[in-house]
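With mmCIF, C-alpha atoms and all ligand atoms inside, this is target_21.cif:
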data_work
#
loop_
_atom_site.group_PDB
_atom_site.id
_atom_site.type_symbol
_atom_site.label_atom_id
_atom_site.label_comp_id
_atom_site.auth_asym_id
_atom_site.auth_seq_id
_atom_site.Cartn_x
_atom_site.Cartn_y
_atom_site.Cartn_z
ATOM 1 C CA MET A 110 -17.559 -10.707 -5.690
ATOM 2 C CA SER A 111 -18.746 -7.800 -7.887
ATOM 3 C CA VAL A 112 -17.714 -7.464 -11.552
ATOM 4 C CA GLU A 113 -15.598 -4.437 -10.639
ATOM 5 C CA LEU A 114 -13.678 -6.313 -7.903
ATOM 6 C CA ASP A 115 -13.188 -9.318 -10.207
ATOM 7 C CA PHE A 116 -11.768 -7.037 -12.897
ATOM 8 C CA ILE A 117 -9.229 -5.512 -10.470
ATOM 9 C CA LYS A 118 -8.265 -8.905 -9.009
ATOM 10 C CA ASP A 119 -7.746 -10.473 -12.455
ATOM 11 C CA MET A 120 -5.741 -7.457 -13.588
ATOM 12 C CA PHE A 121 -3.315 -7.708 -10.642
ATOM 13 C CA ASP A 122 -3.049 -11.475 -11.038
ATOM 14 C CA SER A 123 -2.067 -10.972 -14.665
ATOM 15 C CA ILE A 124 0.607 -8.289 -14.064
ATOM 16 C CA ALA A 125 1.945 -9.815 -10.812
ATOM 17 C CA PRO A 126 5.130 -11.373 -12.304
ATOM 18 C CA LYS A 127 6.293 -8.000 -13.638
ATOM 19 C CA TYR A 128 4.773 -5.808 -10.905
ATOM 20 C CA ASP A 129 7.898 -5.161 -8.801
ATOM 21 C CA PHE A 130 10.139 -4.588 -11.807
ATOM 22 C CA LEU A 131 7.704 -2.107 -13.384
ATOM 23 C CA ASN A 132 7.192 -0.286 -10.081
ATOM 24 C CA ARG A 133 10.925 0.342 -9.701
ATOM 25 C CA PHE A 134 11.419 1.150 -13.370
ATOM 26 C CA LEU A 135 8.425 3.451 -13.919
ATOM 27 C CA SER A 136 8.996 5.370 -10.664
ATOM 28 C CA ALA A 137 12.798 5.452 -11.114
ATOM 29 C CA GLY A 138 13.145 3.737 -7.722
ATOM 30 C CA GLN A 139 11.122 6.418 -5.904
ATOM 31 C CA ASP A 140 8.495 3.888 -4.761
ATOM 32 C CA ILE A 141 10.993 2.470 -2.255
ATOM 33 C CA ILE A 142 11.533 5.938 -0.759
ATOM 34 C CA TRP A 143 7.775 6.638 -0.616
ATOM 35 C CA ARG A 144 7.047 3.432 1.313
ATOM 36 C CA ARG A 145 10.008 4.064 3.628
ATOM 37 C CA GLU A 146 8.642 7.535 4.434
ATOM 38 C CA MET A 147 5.180 6.096 5.014
ATOM 39 C CA VAL A 148 6.420 3.606 7.609
ATOM 40 C CA VAL A 149 8.612 6.211 9.352
ATOM 41 C CA SER A 150 5.691 8.668 9.511
ATOM 42 C CA ALA A 151 3.366 6.083 11.077
ATOM 43 C CA ASP A 152 5.679 6.035 14.103
ATOM 44 C CA ILE A 153 4.781 2.462 15.107
ATOM 45 C CA PRO A 154 5.317 1.691 18.803
ATOM 46 C CA GLN A 155 7.360 -1.324 19.988
ATOM 47 C CA ASP A 156 5.464 -4.585 20.534
ATOM 48 C CA SER A 157 2.627 -3.514 18.291
ATOM 49 C CA ARG A 158 0.529 -5.327 15.692
ATOM 50 C CA VAL A 159 0.175 -3.849 12.212
ATOM 51 C CA LEU A 160 -1.750 -4.651 9.024
ATOM 52 C CA ASP A 161 -0.703 -4.014 5.424
ATOM 53 C CA VAL A 162 -3.940 -3.947 3.384
ATOM 54 C CA ALA A 163 -3.791 -4.629 -0.387
ATOM 55 C CA CYS A 164 -0.253 -5.715 0.419
ATOM 56 C CA GLY A 165 0.428 -7.057 -3.088
ATOM 57 C CA THR A 166 4.007 -8.341 -3.150
ATOM 58 C CA CYS A 167 4.458 -7.213 0.491
ATOM 59 C CA ASP A 168 6.787 -4.241 0.043
ATOM 60 C CA VAL A 169 5.160 -2.247 2.863
ATOM 61 C CA ALA A 170 5.092 -5.230 5.239
ATOM 62 C CA LEU A 171 8.763 -5.934 4.459
ATOM 63 C CA GLU A 172 9.625 -2.259 5.006
ATOM 64 C CA VAL A 173 7.963 -2.408 8.454
ATOM 65 C CA LYS A 174 10.049 -5.496 9.158
ATOM 66 C CA ARG A 175 13.217 -3.771 7.928
ATOM 67 C CA GLN A 176 12.604 -0.766 10.197
ATOM 68 C CA LYS A 177 11.209 -2.552 13.242
ATOM 69 C CA GLY A 178 12.669 -6.062 13.132
ATOM 70 C CA ASN A 179 10.910 -8.625 15.301
ATOM 71 C CA THR A 180 9.430 -6.103 17.726
ATOM 72 C CA VAL A 181 6.268 -5.810 15.629
ATOM 73 C CA THR A 182 3.776 -8.495 14.542
ATOM 74 C CA ILE A 183 2.955 -7.927 10.877
ATOM 75 C CA PHE A 184 -0.066 -9.093 8.869
ATOM 76 C CA GLY A 185 -0.609 -8.608 5.143
ATOM 77 C CA THR A 186 -3.845 -9.097 3.220
ATOM 78 C CA ASP A 187 -4.746 -8.967 -0.483
ATOM 79 C CA PHE A 188 -7.330 -10.596 -2.749
ATOM 80 C CA SER A 189 -4.970 -11.420 -5.628
ATOM 81 C CA PRO A 190 -3.476 -14.910 -5.235
ATOM 82 C CA GLY A 191 -0.801 -14.048 -7.820
ATOM 83 C CA MET A 192 0.437 -10.998 -5.891
ATOM 84 C CA LEU A 193 0.287 -12.843 -2.542
ATOM 85 C CA ALA A 194 2.308 -15.785 -3.916
ATOM 86 C CA LEU A 195 5.091 -13.426 -4.992
ATOM 87 C CA GLY A 196 4.929 -11.664 -1.634
ATOM 88 C CA LYS A 197 5.230 -14.978 0.181
ATOM 89 C CA ASN A 198 8.331 -15.894 -1.864
ATOM 90 C CA LYS A 199 9.942 -12.549 -1.043
ATOM 91 C CA ILE A 200 9.268 -13.030 2.669
ATOM 92 C CA MET A 201 10.629 -16.602 2.638
ATOM 93 C CA LYS A 202 13.770 -15.443 0.837
ATOM 94 C CA LYS A 203 14.356 -12.602 3.333
ATOM 95 C CA ILE A 204 13.865 -14.950 6.304
ATOM 96 C CA LYS A 205 16.187 -17.556 4.765
ATOM 97 C CA ASP A 206 18.903 -14.986 4.034
ATOM 98 C CA LYS A 207 18.605 -13.642 7.556
ATOM 99 C CA SER A 208 18.529 -17.045 9.257
ATOM 100 C CA ASN A 209 21.654 -18.119 7.337
ATOM 101 C CA GLY A 210 23.413 -15.085 8.758
ATOM 102 C CA LEU A 211 22.085 -15.826 12.246
ATOM 103 C CA LYS A 212 23.198 -19.458 12.076
ATOM 104 C CA ALA A 213 26.718 -18.333 11.302
ATOM 105 C CA ASP A 214 26.547 -16.141 14.396
ATOM 106 C CA ASN A 215 25.079 -19.022 16.413
ATOM 107 C CA HIS A 216 21.812 -17.207 17.233
ATOM 108 C CA SER A 217 18.318 -18.708 17.170
ATOM 109 C CA ILE A 218 15.559 -17.584 14.827
ATOM 110 C CA HIS A 219 12.977 -15.423 16.582
ATOM 111 C CA LYS A 220 9.471 -16.915 16.531
ATOM 112 C CA ASN A 221 8.065 -13.601 15.296
ATOM 113 C CA ASN A 222 10.363 -13.619 12.299
ATOM 114 C CA THR A 223 7.633 -13.969 9.698
ATOM 115 C CA ILE A 224 4.874 -11.864 8.125
ATOM 116 C CA HIS A 225 1.419 -13.432 8.327
ATOM 117 C CA LEU A 226 -0.409 -13.375 4.998
ATOM 118 C CA VAL A 227 -4.193 -13.697 4.739
ATOM 119 C CA ALA A 228 -6.104 -13.753 1.432
ATOM 120 C CA GLY A 229 -9.078 -11.394 1.571
ATOM 121 C CA ASN A 230 -11.029 -8.365 0.494
ATOM 122 C CA ALA A 231 -10.259 -4.943 1.983
ATOM 123 C CA LEU A 232 -14.003 -4.292 2.179
ATOM 124 C CA ALA A 233 -14.544 -7.179 4.620
ATOM 125 C CA LEU A 234 -11.303 -7.647 6.531
ATOM 126 C CA ALA A 235 -10.846 -11.050 8.150
ATOM 127 C CA PHE A 236 -9.780 -9.561 11.496
ATOM 128 C CA ARG A 237 -11.474 -8.790 14.802
ATOM 129 C CA ASP A 238 -12.379 -5.258 15.912
ATOM 130 C CA GLU A 239 -9.683 -3.005 17.409
ATOM 131 C CA ILE A 240 -6.640 -5.254 17.156
ATOM 132 C CA PHE A 241 -4.161 -3.205 15.118
ATOM 133 C CA ASP A 242 -1.934 -0.341 16.249
ATOM 134 C CA ALA A 243 -1.421 0.704 12.634
ATOM 135 C CA VAL A 244 -3.096 -0.042 9.306
ATOM 136 C CA PHE A 245 -1.226 0.689 6.069
ATOM 137 C CA ILE A 246 -2.431 0.722 2.498
ATOM 138 C CA ALA A 247 -0.064 1.717 -0.321
ATOM 139 C CA PHE A 248 -1.323 2.241 -3.879
ATOM 140 C CA GLY A 249 -4.395 0.200 -3.061
ATOM 141 C CA ILE A 250 -7.221 2.570 -2.062
ATOM 142 C CA ARG A 251 -7.417 4.064 -5.586
ATOM 143 C CA ASN A 252 -8.439 0.640 -6.896
ATOM 144 C CA ILE A 253 -11.331 0.324 -4.450
ATOM 145 C CA MET A 254 -14.507 2.036 -5.632
ATOM 146 C CA ASP A 255 -16.172 1.972 -2.187
ATOM 147 C CA ARG A 256 -13.352 3.908 -0.495
ATOM 148 C CA GLU A 257 -15.456 4.952 2.463
ATOM 149 C CA GLY A 258 -16.421 1.313 3.040
ATOM 150 C CA ALA A 259 -12.739 0.345 3.076
ATOM 151 C CA ILE A 260 -11.785 3.200 5.429
ATOM 152 C CA LEU A 261 -14.559 2.131 7.808
ATOM 153 C CA GLU A 262 -13.044 -1.385 7.835
ATOM 154 C CA PHE A 263 -9.625 0.133 8.678
ATOM 155 C CA HIS A 264 -11.339 2.098 11.460
ATOM 156 C CA ARG A 265 -13.064 -1.022 12.798
ATOM 157 C CA THR A 266 -9.857 -3.057 13.039
ATOM 158 C CA LEU A 267 -7.725 -0.238 14.506
ATOM 159 C CA LYS A 268 -7.381 0.343 18.238
ATOM 160 C CA THR A 269 -8.497 3.766 19.455
ATOM 161 C CA GLY A 270 -5.578 6.124 18.879
ATOM 162 C CA GLY A 271 -4.136 3.737 16.258
ATOM 163 C CA THR A 272 -2.639 5.096 13.061
ATOM 164 C CA LEU A 273 -4.004 4.865 9.544
ATOM 165 C CA ALA A 274 -1.383 5.470 6.822
ATOM 166 C CA ILE A 275 -2.491 5.672 3.199
ATOM 167 C CA LEU A 276 -0.052 6.198 0.338
ATOM 168 C CA GLU A 277 -1.517 6.924 -3.064
ATOM 169 C CA LEU A 278 -0.643 8.236 -6.496
ATOM 170 C CA THR A 279 -2.183 11.682 -6.966
ATOM 171 C CA SER A 280 -2.269 14.313 -9.712
ATOM 172 C CA PRO A 281 0.366 17.040 -9.283
ATOM 173 C CA PRO A 282 -0.968 20.593 -8.894
ATOM 174 C CA GLU A 283 -1.423 22.846 -11.967
ATOM 175 C CA GLY A 284 1.842 24.070 -13.498
ATOM 176 C CA PHE A 285 4.689 23.210 -15.822
ATOM 177 C CA PHE A 286 5.645 20.001 -14.007
ATOM 178 C CA ARG A 287 2.062 18.709 -14.243
ATOM 179 C CA ASP A 288 2.032 19.165 -18.027
ATOM 180 C CA ILE A 289 5.305 17.246 -18.482
ATOM 181 C CA TYR A 290 4.260 14.568 -15.994
ATOM 182 C CA LEU A 291 0.877 14.016 -17.630
ATOM 183 C CA LEU A 292 2.582 13.568 -20.975
ATOM 184 C CA TYR A 293 4.753 10.834 -19.456
ATOM 185 C CA PHE A 294 1.936 9.352 -17.412
ATOM 186 C CA LYS A 295 -0.733 9.258 -20.107
ATOM 187 C CA ARG A 296 1.437 8.394 -23.131
ATOM 188 C CA LEU A 297 4.832 6.869 -22.277
ATOM 189 C CA LEU A 298 3.991 4.908 -19.113
ATOM 190 C CA PRO A 299 1.065 2.902 -20.633
ATOM 191 C CA ALA A 300 3.272 1.998 -23.627
ATOM 192 C CA ILE A 301 6.192 0.795 -21.458
ATOM 193 C CA GLY A 302 3.824 -1.012 -19.071
ATOM 194 C CA ALA A 303 2.085 -2.785 -21.967
ATOM 195 C CA ILE A 304 5.371 -4.002 -23.467
ATOM 196 C CA PHE A 305 6.749 -5.473 -20.234
ATOM 197 C CA SER A 306 3.547 -6.730 -18.580
ATOM 198 C CA LYS A 307 1.895 -7.840 -21.845
ATOM 199 C CA ASN A 308 -1.317 -6.328 -20.451
ATOM 200 C CA SER A 309 -2.127 -3.051 -22.197
ATOM 201 C CA SER A 310 -5.387 -2.417 -20.331
ATOM 202 C CA ALA A 311 -3.704 -2.532 -16.894
ATOM 203 C CA TYR A 312 -1.284 0.282 -17.690
ATOM 204 C CA SER A 313 -3.982 2.379 -19.401
ATOM 205 C CA TYR A 314 -6.185 1.853 -16.358
ATOM 206 C CA LEU A 315 -3.385 3.233 -14.127
ATOM 207 C CA PRO A 316 -3.400 6.879 -15.367
ATOM 208 C CA ALA A 317 -7.203 6.834 -15.680
ATOM 209 C CA SER A 318 -7.594 5.693 -12.061
ATOM 210 C CA VAL A 319 -5.149 8.323 -10.786
ATOM 211 C CA LEU A 320 -6.845 11.129 -12.694
ATOM 212 C CA ASN A 321 -10.205 10.003 -11.256
ATOM 213 C CA PHE A 322 -8.879 9.937 -7.684
ATOM 214 C CA PRO A 323 -10.068 12.894 -5.541
ATOM 215 C CA THR A 324 -7.724 15.768 -4.705
ATOM 216 C CA PRO A 325 -5.664 15.230 -1.522
ATOM 217 C CA GLU A 326 -7.855 17.772 0.316
ATOM 218 C CA HIS A 327 -11.069 15.964 -0.629
ATOM 219 C CA PHE A 328 -9.677 12.576 0.251
ATOM 220 C CA ALA A 329 -8.370 13.869 3.597
ATOM 221 C CA ALA A 330 -11.920 15.098 4.306
ATOM 222 C CA THR A 331 -13.283 11.590 3.575
ATOM 223 C CA ILE A 332 -10.796 10.115 6.058
ATOM 224 C CA ARG A 333 -11.872 12.654 8.715
ATOM 225 C CA GLU A 334 -15.558 11.942 8.103
ATOM 226 C CA SER A 335 -14.851 8.224 8.599
ATOM 227 C CA GLY A 336 -13.785 8.718 12.219
ATOM 228 C CA PHE A 337 -10.149 9.837 12.073
ATOM 229 C CA LYS A 338 -8.621 12.897 13.719
ATOM 230 C CA SER A 339 -5.350 14.823 13.211
ATOM 231 C CA VAL A 340 -5.492 13.892 9.522
ATOM 232 C CA LYS A 341 -2.496 15.216 7.625
ATOM 233 C CA CYS A 342 -1.575 14.886 3.983
ATOM 234 C CA LYS A 343 1.922 15.300 2.640
ATOM 235 C CA GLY A 344 2.685 15.553 -1.076
ATOM 236 C CA MET A 345 5.869 13.841 -2.248
ATOM 237 C CA THR A 346 7.883 14.137 -5.470
ATOM 238 C CA PHE A 347 6.052 17.252 -6.720
ATOM 239 C CA GLY A 348 2.684 15.844 -5.632
ATOM 240 C CA ILE A 349 2.679 12.691 -7.762
ATOM 241 C CA VAL A 350 2.231 10.756 -4.529
ATOM 242 C CA THR A 351 0.446 11.795 -1.333
ATOM 243 C CA LEU A 352 0.819 10.302 2.119
ATOM 244 C CA PHE A 353 -2.262 10.550 4.373
ATOM 245 C CA ILE A 354 -1.893 9.928 8.101
ATOM 246 C CA GLY A 355 -4.719 9.920 10.641
ATOM 247 C CA LYS A 356 -5.452 8.689 14.166
ATOM 248 C CA LYS A 357 -8.544 6.713 15.041
ATOM 249 C CA SER A 358 -10.894 8.760 17.204
ATOM 250 C CA SER A 359 -12.689 7.038 20.030
ATOM 251 C CA LEU A 360 -16.074 7.664 18.448
ATOM 252 C CA LEU A 361 -17.226 7.356 14.866
ATOM 253 C CA GLN A 362 -18.371 10.888 14.069
ATOM 254 C CA LYS A 363 -20.881 9.892 11.374
HETATM 255 C C1 LIG B 401 -0.973 -1.277 -6.941
HETATM 256 S S1 LIG B 401 -0.976 -2.741 -5.973
HETATM 257 C C2 LIG B 401 -0.172 -2.217 -4.484
HETATM 258 C C3 LIG B 401 0.572 -3.321 -3.811
HETATM 259 C C4 LIG B 401 1.430 -2.919 -2.622
HETATM 260 N N1 LIG B 401 0.637 -2.359 -1.558
HETATM 261 C C5 LIG B 401 2.544 -1.997 -3.003
HETATM 262 O O1 LIG B 401 2.845 -1.086 -2.228
HETATM 263 O O2 LIG B 401 3.177 -2.202 -4.029
HETATM 264 C C6 LIG B 401 -2.654 -2.799 -5.480
HETATM 265 C C7 LIG B 401 -3.009 -4.076 -4.743
HETATM 266 O O3 LIG B 401 -4.308 -3.905 -4.198
HETATM 267 C C8 LIG B 401 -4.964 -5.150 -4.243
HETATM 268 N N2 LIG B 401 -6.402 -4.863 -4.120
HETATM 269 C C9 LIG B 401 -7.160 -4.026 -4.863
HETATM 270 N N3 LIG B 401 -8.417 -4.006 -4.417
HETATM 271 C C10 LIG B 401 -8.478 -4.846 -3.352
HETATM 272 C C11 LIG B 401 -9.502 -5.239 -2.459
HETATM 273 N N4 LIG B 401 -10.764 -4.771 -2.569
HETATM 274 N N5 LIG B 401 -9.195 -6.107 -1.478
HETATM 275 C C12 LIG B 401 -7.934 -6.608 -1.338
HETATM 276 N N6 LIG B 401 -6.924 -6.280 -2.166
HETATM 277 C C13 LIG B 401 -7.181 -5.393 -3.156
HETATM 278 C C14 LIG B 401 -4.536 -5.738 -5.588
HETATM 279 O O4 LIG B 401 -4.733 -7.136 -5.653
HETATM 280 C C15 LIG B 401 -3.062 -5.329 -5.624
HETATM 281 O O5 LIG B 401 -2.238 -6.320 -5.090
#

Please rewrite the model in this file as structure tokens.
Ligand SMILES: C[S@@+](CC[C@H](N)C(=O)[O-])C[C@H]1O[C@@H](n2cnc3c(N)ncnc32)[C@H](O)[C@@H]1O
Amino acid sequence: MSVELDFIKDMFDSIAPKYDFLNRFLSAGQDIIWRREMVVSADIPQDSRVLDVACGTCDVALEVKRQKGNTVTIFGTDFSPGMLALGKNKIMKKIKDKSNGLKADNHSIHKNNTIHLVAGNALALAFRDEIFDAVFIAFGIRNIMDREGAILEFHRTLKTGGTLAILELTSPPEGFFRDIYLLYFKRLLPAIGAIFSKNSSAYSYLPASVLNFPTPEHFAATIRESGFKSVKCKGMTFGIVTLFIGKKSSLLQK
């Protein structure tokens, strides 16, 4: 693996134990709403198969499960063992809680009750061509330098007409809110993140990576150029997050 990928993997391994807490705290709980909106917007059909790339602690995969129950087969993949281990625990806990309830009601546990986790790199997905109806990636694409390479992998594994849904932190447009937000984002957030995660570089890297991320319009153009049609981007919470949705075209237009 390259030095850059090793750096990102080690960083997420190190902050994994505090990742969920800091997400909720630093976004004031908005991250739950953003992921919920992402899954709703993807409009996943019944009996489909979906992939959560850079799944981390599996919040997107679990949100798909919450919305769709056992009608959808869900896979999650990430290269950080620390994040995946926490995700696995969350899934096991959810299944246990649910199965306890089902036992009381004298039902059986559905065989599709789990989320399948696979360790791996987004740039070389461990899945066959054209098997997913939807591919999700939340707060992951910003950390991947070769974004086009990753989007081409999403394209490869999606069925024609399948949905790509990308959620990412973006810079709000010029104006008063941006000035206030940047003050919080560049000064307060790294300080709070450093205290709780005990990793100061990770929460300094966060604002730097967001400020280096292309504008939503530019990134939407990259998605289109990678073989997706009907690409839409929707800013949320004053543009601090953007949701990108696209459909796989039959032909790669490059
Ligand atoms: C900010 S977290 C997002 C986790 C989760 N998707 C969420 O919504 O909270 C970014 C995740 O991307 C993973 N990641 C970054 N680059 C990756 C790559 N090239 N391949 C696989 N996973 C990657 C990290 O390990 C980390 O778990």

Discussion item. Would you pick out the contacts of Gly302 in chain A at 12 Å or less, using only C-alpha atoms, so that residues sharing its chain but fewer than 3 positions from it are not included, and give the list as a PyMOL selection string?
Written reply: chain A and resi 124+127-136+293-299+305-316

With all atoms listed in the file counted and 12 Å as the cut-off, give the residues of range 133-248 of chain A in contact with range 340-347 of chain A, each with its shortest interatomic distance in Å and the pair that gives it, as a Markdown table.
| residue | atom | partner | partner_atom | distance |
| --- | --- | --- | --- | --- |
| A:Ser136 | CA | A:Thr346 | CA | 10.3 |
| A:Ala137 | CA | A:Thr346 | CA | 11.5 |
| A:Gly138 | CA | A:Thr346 | CA | 11.9 |
| A:Gln139 | CA | A:Thr346 | CA | 8.4 |
| A:Asp140 | CA | A:Thr346 | CA | 10.3 |
| A:Ile142 | CA | A:Met345 | CA | 9.8 |
| A:Trp143 | CA | A:Met345 | CA | 7.6 |
| A:Arg144 | CA | A:Met345 | CA | 11.1 |
| A:Glu146 | CA | A:Met345 | CA | 9.6 |
| A:Met147 | CA | A:Lys343 | CA | 10.0 |
| A:Ser150 | CA | A:Lys343 | CA | 10.3 |
| A:Ala151 | CA | A:Lys341 | CA | 11.4 |

Worksheet item: What is the distance between CA of Leu352 in chain A and CA of Val149 in chain A, in Å to one decimal?
Response: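 One can read the CA of Leu352 in chain A to CA of Val149 in chain A distance as 11.4 Å.
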
Discussion item. On this structure, the PyMOL selection byres (((chain A and resi 117) around 12) and not hetatm) would catch which residues? List them as a PyMOL selection string, sorted by chain and number.
Written reply: chain A and resi 110-116+118-125+163+187-189+230+249-254+310-311+314-315+318

With the file shown as input, list the residues that the PyMOL selection byres (((chain A and resi 336) around 12) and not hetatm) selects, as a tab-separated table (two decimals) with C-alpha atoms, in the coordinates of the input.
chain	number	residue	atom	x	y	z
A	257	GLU	CA	-15.46	4.95	2.46
A	260	ILE	CA	-11.78	3.20	5.43
A	261	LEU	CA	-14.56	2.13	7.81
A	262	GLU	CA	-13.04	-1.38	7.84
A	263	PHE	CA	-9.62	0.13	8.68
A	264	HIS	CA	-11.34	2.10	11.46
A	265	ARG	CA	-13.06	-1.02	12.80
A	267	LEU	CA	-7.72	-0.24	14.51
A	269	THR	CA	-8.50	3.77	19.45
A	270	GLY	CA	-5.58	6.12	18.88
A	271	GLY	CA	-4.14	3.74	16.26
A	272	THR	CA	-2.64	5.10	13.06
A	273	LEU	CA	-4.00	4.86	9.54
A	329	ALA	CA	-8.37	13.87	3.60
A	330	ALA	CA	-11.92	15.10	4.31
A	331	THR	CA	-13.28	11.59	3.58
A	332	ILE	CA	-10.80	10.12	6.06
A	333	ARG	CA	-11.87	12.65	8.72
A	334	GLU	CA	-15.56	11.94	8.10
A	335	SER	CA	-14.85	8.22	8.60
A	337	PHE	CA	-10.15	9.84	12.07
A	338	LYS	CA	-8.62	12.90	13.72
A	339	SER	CA	-5.35	14.82	13.21
A	340	VAL	CA	-5.49	13.89	9.52
A	355	GLY	CA	-4.72	9.92	10.64
A	356	LYS	CA	-5.45	8.69	14.17
A	357	LYS	CA	-8.54	6.71	15.04
A	358	SER	CA	-10.89	8.76	17.20
A	359	SER	CA	-12.69	7.04	20.03
A	360	LEU	CA	-16.07	7.66	18.45
A	361	LEU	CA	-17.23	7.36	14.87
A	362	GLN	CA	-18.37	10.89	14.07
A	363	LYS	CA	-20.88	9.89	11.37

As a check of understanding, name the residues that the PyMOL selection byres (((chain A and resi 155) around 8) and not hetatm) selects in the supplied structure, as an mmCIF file with C-alpha atoms, in the frame of the given file.
data_model
loop_
_atom_site.group_PDB
_atom_site.id
_atom_site.type_symbol
_atom_site.label_atom_id
_atom_site.label_comp_id
_atom_site.auth_asym_id
_atom_site.auth_seq_id
_atom_site.Cartn_x
_atom_site.Cartn_y
_atom_site.Cartn_z
ATOM 1 C CA ILE A 153 4.781 2.462 15.107
ATOM 2 C CA PRO A 154 5.317 1.691 18.803
ATOM 3 C CA ASP A 156 5.464 -4.585 20.534
ATOM 4 C CA SER A 157 2.627 -3.514 18.291
ATOM 5 C CA LYS A 177 11.209 -2.552 13.242
ATOM 6 C CA THR A 180 9.430 -6.103 17.726
ATOM 7 C CA VAL A 181 6.268 -5.810 15.629
#

Worksheet item: Just how far from CA of Leu278 in chain A is CA of Phe353 in chain A, in Å to one decimal?
Response: 11.2 Å
